[in-house]
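This report concerns only the one structure given below.
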Amino acid sequence: MAATSHFRTPFNGYSVKFSPFFADRIAVSASQNFGIVGNGHQYVLRRELNALNNNNTNNNNNNFPHSGPATLPLVEEARFETADGIFDCAWSEESENVLVSASGDGSAKLWDVSRPPFQNPLRSFNEHEAEIYTVSWNPTRKDVFLTASWDDTIKLWNPRENAHTHGSLKTFREHTYCVYAAEWSPHHADVFASVSGDCTLKIWDCRKNHSTLSIPAHDFEVLCVDWNKYNDCVVATGSVDRTVKLWDIRNPKKELSVLRGHGYAVRRVKMDPFDEDICYTASYDMTVAMWNWKISNTTSISNTLGLGEGGERGVQPSPLLRQWRHHTEFAVGLDVSVLNRGELASCGWDSSVKVFSNHGPDPLPIL
């Protein structure tokens, strides 16, 4: 689907996630005053897919002349308000109406879209001693989720098993600075990766008390991580150093690839669920980018010199395939649909939410 959609929140966007059940539903987390102080909003938005059919009918009848790329409205289906900012969210993998959000007060809040606001949140999990920055719901086991916090820890939760105590199943304490992200492997039910301000990437088996692998991944803080959906040993990390690195955890001494092209920190990295070679990034340089990580930056540098292999002049491909500039502030939220091939969503501190295609027209900034 090449149609674009947009939505504006009164607060600054932090996270956007496609529903794994419905192609037309996305969740958006937002924080007041850039998340420094103030309230939070957890949105659930719906794309009005029928609007595209109606527009096509109108255009065919010449009542409404075609005036540019097709757009679909994003409408608010639900909104939950919190006393502190919300930095991330994740959909339940076993209940289509349930999602969890990461709050600035150190709590993880569980919401049910099918219930009215006064019956939400369903539960609040309160153990972290600082902000929760990301949440990740296990796509394989489906009954547990992770929270990564600025208190340097990661916690494992099962909302059903802990209905009475609300306690976490386990706490992972090994990072020495803020844990910015923890992400489940889509291949192995008990394995996850985490990244931190201590500049490391760690691989964990939640059945064990300590990480199984620790990699000094970047020279500066590591902000994001994701797993390749086709190769269970490939992990991508994004850093304050403006690069994305791809790692084979079987041979962690040297990265597989380094992607350079962003002007500021890489805030999110997402691997394409349909193409092993493709990944996407959102950056503080206000752009969203699409990469082929199997094309090295070394090759693209030779392209700028007009040199091919062996020093011969020739055209060499660049790993940076496309870059979108529809945000006017930090681009901090990014997701890729697992239901619609090539469909992306992003949000930023400019309060805008965009849904667009990797092969369609560029979405326009919201002024």
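Quick note on naming: the chains in the structure tokens go A, B, ... in the order shown, residues restart at 1 in each chain, and ligands are numbered from 1 in order of appearance.
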Distance query Ala27 (chain A) at most 6 Å, only C-alpha atoms, self and fewer than 2 positions along chain excluded, as a PyMOL selection string: chain A and resi 16-17+43-44
Can you tell me which residues surround Cys279 (chain A) at a distance of at most 7 Å, considering only C-alpha atoms, apart from same-chain residues fewer than 4 positions away, and format the answer as JSON, numbers by chain? {"A": [270, 271, 272, 290, 291, 292, 293]}
Include all heavy atoms and write out the residues we just selected as a PDB file, in the first residue's frame.
```
ATOM      1  N   LYS A 270      15.569  -0.763  12.920  1.00  0.00           N
ATOM      2  CA  LYS A 270      14.594  -1.836  12.724  1.00  0.00           C
ATOM      3  C   LYS A 270      14.994  -2.651  11.505  1.00  0.00           C
ATOM      4  O   LYS A 270      15.257  -2.099  10.439  1.00  0.00           O
ATOM      5  CB  LYS A 270      13.180  -1.279  12.509  1.00  0.00           C
ATOM      6  CG  LYS A 270      12.645  -0.442  13.650  1.00  0.00           C
ATOM      7  CD  LYS A 270      12.459  -1.238  14.926  1.00  0.00           C
ATOM      8  CE  LYS A 270      11.373  -2.262  14.819  1.00  0.00           C
ATOM      9  NZ  LYS A 270      11.121  -2.926  16.136  1.00  0.00           N
ATOM     10  N   MET A 271      15.031  -3.967  11.661  1.00  0.00           N
ATOM     11  CA  MET A 271      15.314  -4.868  10.555  1.00  0.00           C
ATOM     12  C   MET A 271      14.023  -5.173   9.802  1.00  0.00           C
ATOM     13  O   MET A 271      12.955  -5.321  10.410  1.00  0.00           O
ATOM     14  CB  MET A 271      15.935  -6.167  11.059  1.00  0.00           C
ATOM     15  CG  MET A 271      17.221  -5.980  11.865  1.00  0.00           C
ATOM     16  SD  MET A 271      18.592  -5.279  10.927  1.00  0.00           S
ATOM     17  CE  MET A 271      18.985  -6.619   9.809  1.00  0.00           C
ATOM     18  N   ASP A 272      14.114  -5.265   8.481  1.00  0.00           N
ATOM     19  CA  ASP A 272      12.939  -5.513   7.656  1.00  0.00           C
ATOM     20  C   ASP A 272      12.438  -6.942   7.859  1.00  0.00           C
ATOM     21  O   ASP A 272      13.219  -7.890   7.783  1.00  0.00           O
ATOM     22  CB  ASP A 272      13.301  -5.283   6.181  1.00  0.00           C
ATOM     23  CG  ASP A 272      12.082  -5.194   5.291  1.00  0.00           C
ATOM     24  OD1 ASP A 272      11.313  -6.177   5.235  1.00  0.00           O
ATOM     25  OD2 ASP A 272      11.883  -4.143   4.642  1.00  0.00           O
ATOM     26  N   MET A 290      16.744   4.150   4.938  1.00  0.00           N
ATOM     27  CA  MET A 290      16.647   2.753   4.519  1.00  0.00           C
ATOM     28  C   MET A 290      18.013   2.319   4.001  1.00  0.00           C
ATOM     29  O   MET A 290      18.631   3.023   3.196  1.00  0.00           O
ATOM     30  CB  MET A 290      15.592   2.616   3.425  1.00  0.00           C
ATOM     31  CG  MET A 290      15.440   1.247   2.806  1.00  0.00           C
ATOM     32  SD  MET A 290      14.147   1.288   1.522  1.00  0.00           S
ATOM     33  CE  MET A 290      14.233  -0.398   0.910  1.00  0.00           C
ATOM     34  N   TRP A 291      18.492   1.154   4.461  1.00  0.00           N
ATOM     35  CA  TRP A 291      19.843   0.698   4.149  1.00  0.00           C
ATOM     36  C   TRP A 291      19.832  -0.736   3.650  1.00  0.00           C
ATOM     37  O   TRP A 291      18.991  -1.542   4.063  1.00  0.00           O
ATOM     38  CB  TRP A 291      20.716   0.725   5.407  1.00  0.00           C
ATOM     39  CG  TRP A 291      20.715   1.979   6.197  1.00  0.00           C
ATOM     40  CD1 TRP A 291      19.765   2.390   7.109  1.00  0.00           C
ATOM     41  CD2 TRP A 291      21.715   3.008   6.182  1.00  0.00           C
ATOM     42  NE1 TRP A 291      20.128   3.592   7.656  1.00  0.00           N
ATOM     43  CE2 TRP A 291      21.305   4.006   7.111  1.00  0.00           C
ATOM     44  CE3 TRP A 291      22.912   3.173   5.494  1.00  0.00           C
ATOM     45  CZ2 TRP A 291      22.057   5.147   7.350  1.00  0.00           C
ATOM     46  CZ3 TRP A 291      23.668   4.312   5.723  1.00  0.00           C
ATOM     47  CH2 TRP A 291      23.244   5.286   6.642  1.00  0.00           C
ATOM     48  N   ASN A 292      20.807  -1.049   2.800  1.00  0.00           N
ATOM     49  CA  ASN A 292      21.177  -2.434   2.519  1.00  0.00           C
ATOM     50  C   ASN A 292      22.487  -2.679   3.258  1.00  0.00           C
ATOM     51  O   ASN A 292      23.550  -2.240   2.809  1.00  0.00           O
ATOM     52  CB  ASN A 292      21.330  -2.679   1.027  1.00  0.00           C
ATOM     53  CG  ASN A 292      21.621  -4.151   0.702  1.00  0.00           C
ATOM     54  OD1 ASN A 292      22.272  -4.852   1.468  1.00  0.00           O
ATOM     55  ND2 ASN A 292      21.143  -4.611  -0.439  1.00  0.00           N
ATOM     56  N   TRP A 293      22.425  -3.382   4.370  1.00  0.00           N
ATOM     57  CA  TRP A 293      23.590  -3.498   5.237  1.00  0.00           C
ATOM     58  C   TRP A 293      24.658  -4.434   4.672  1.00  0.00           C
ATOM     59  O   TRP A 293      25.800  -4.442   5.151  1.00  0.00           O
ATOM     60  CB  TRP A 293      23.188  -3.960   6.638  1.00  0.00           C
ATOM     61  CG  TRP A 293      22.554  -5.318   6.720  1.00  0.00           C
ATOM     62  CD1 TRP A 293      21.217  -5.613   6.660  1.00  0.00           C
ATOM     63  CD2 TRP A 293      23.225  -6.571   6.908  1.00  0.00           C
ATOM     64  NE1 TRP A 293      21.009  -6.950   6.791  1.00  0.00           N
ATOM     65  CE2 TRP A 293      22.224  -7.575   6.957  1.00  0.00           C
ATOM     66  CE3 TRP A 293      24.549  -6.948   7.050  1.00  0.00           C
ATOM     67  CZ2 TRP A 293      22.513  -8.917   7.127  1.00  0.00           C
ATOM     68  CZ3 TRP A 293      24.856  -8.290   7.221  1.00  0.00           C
ATOM     69  CH2 TRP A 293      23.845  -9.263   7.260  1.00  0.00           C
TER      70      TRP A 293
END
```
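One distance worth recording is that between CA of Asp285 (chain A) and CA of Pro73 (chain A), which is 26.9 Å.
Using only C-alpha atoms, the smallest distance between any of A:Leu169, A:Ile215, A:Ala282, A:Val266 and Thr200 (chain A) comes from A:Ile215.
The interatomic distance for the pair CA of Pro365 (chain A) and CA of Asp88 (chain A) works out to 22.7 Å.
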Show me, as a ChimeraX atom specification, the residues that have an atom within 10 Å of region 133-147 of chain A when counting only C-alpha atoms, minus same-chain residues fewer than 4 positions from it. /A:14-15,20,86-95,99-104,106-108,128,153-161,168-171,178-192,223-224
Pick from A:Glu255, A:Asp226, A:Glu343, A:Asp241, whichever lies nearest to Ser5 (chain A) using only C-alpha atoms: A:Glu343
Asp112 (chain A) surroundings by only C-alpha atoms, 7 Å radius, close-in-sequence under 4 positions cut, as a list in words: Asn97, Val98, Leu99, Asn120 and Leu122 of chain A
Keeping only C-alpha atoms, write the selected residues to a file as a compact mmCIF listing (two decimals), in the first residue's frame.
```
# COMPACT_ATOMS: atom_id res chain seq x y z
CA ASN A 97 -6.44 -5.31 22.34
CA VAL A 98 -3.72 -5.27 24.98
CA LEU A 99 -0.50 -3.24 24.98
CA ASN A 120 -7.49 1.35 32.50
CA LEU A 122 -5.38 -2.99 33.76
```
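Atom pair CA of Phe11 (chain A) / CA of Glu131 (chain A): separated by 17.9 Å.
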DSSP-assigned strand (DSSP E) among region 49-276 of chain A, expressed as an MDAnalysis selection string: chainID A and resid 74:82 86:91 98:103 107:112 123:126 132:137 145:149 153:157 170:173 179:184 191:196 200:205 213:216 222:227 234:239 243:248 257:260 266:271
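For region 26-166 of chain A, backbone-based DSSP assignment of alpha helix (DSSP H) covers A:Asn50, A:Ala51, A:Leu52, A:Asn53, A:Asn54, A:Asn55, A:Asn56, A:Thr57, A:Asn58, A:Asn59, A:Asn60.
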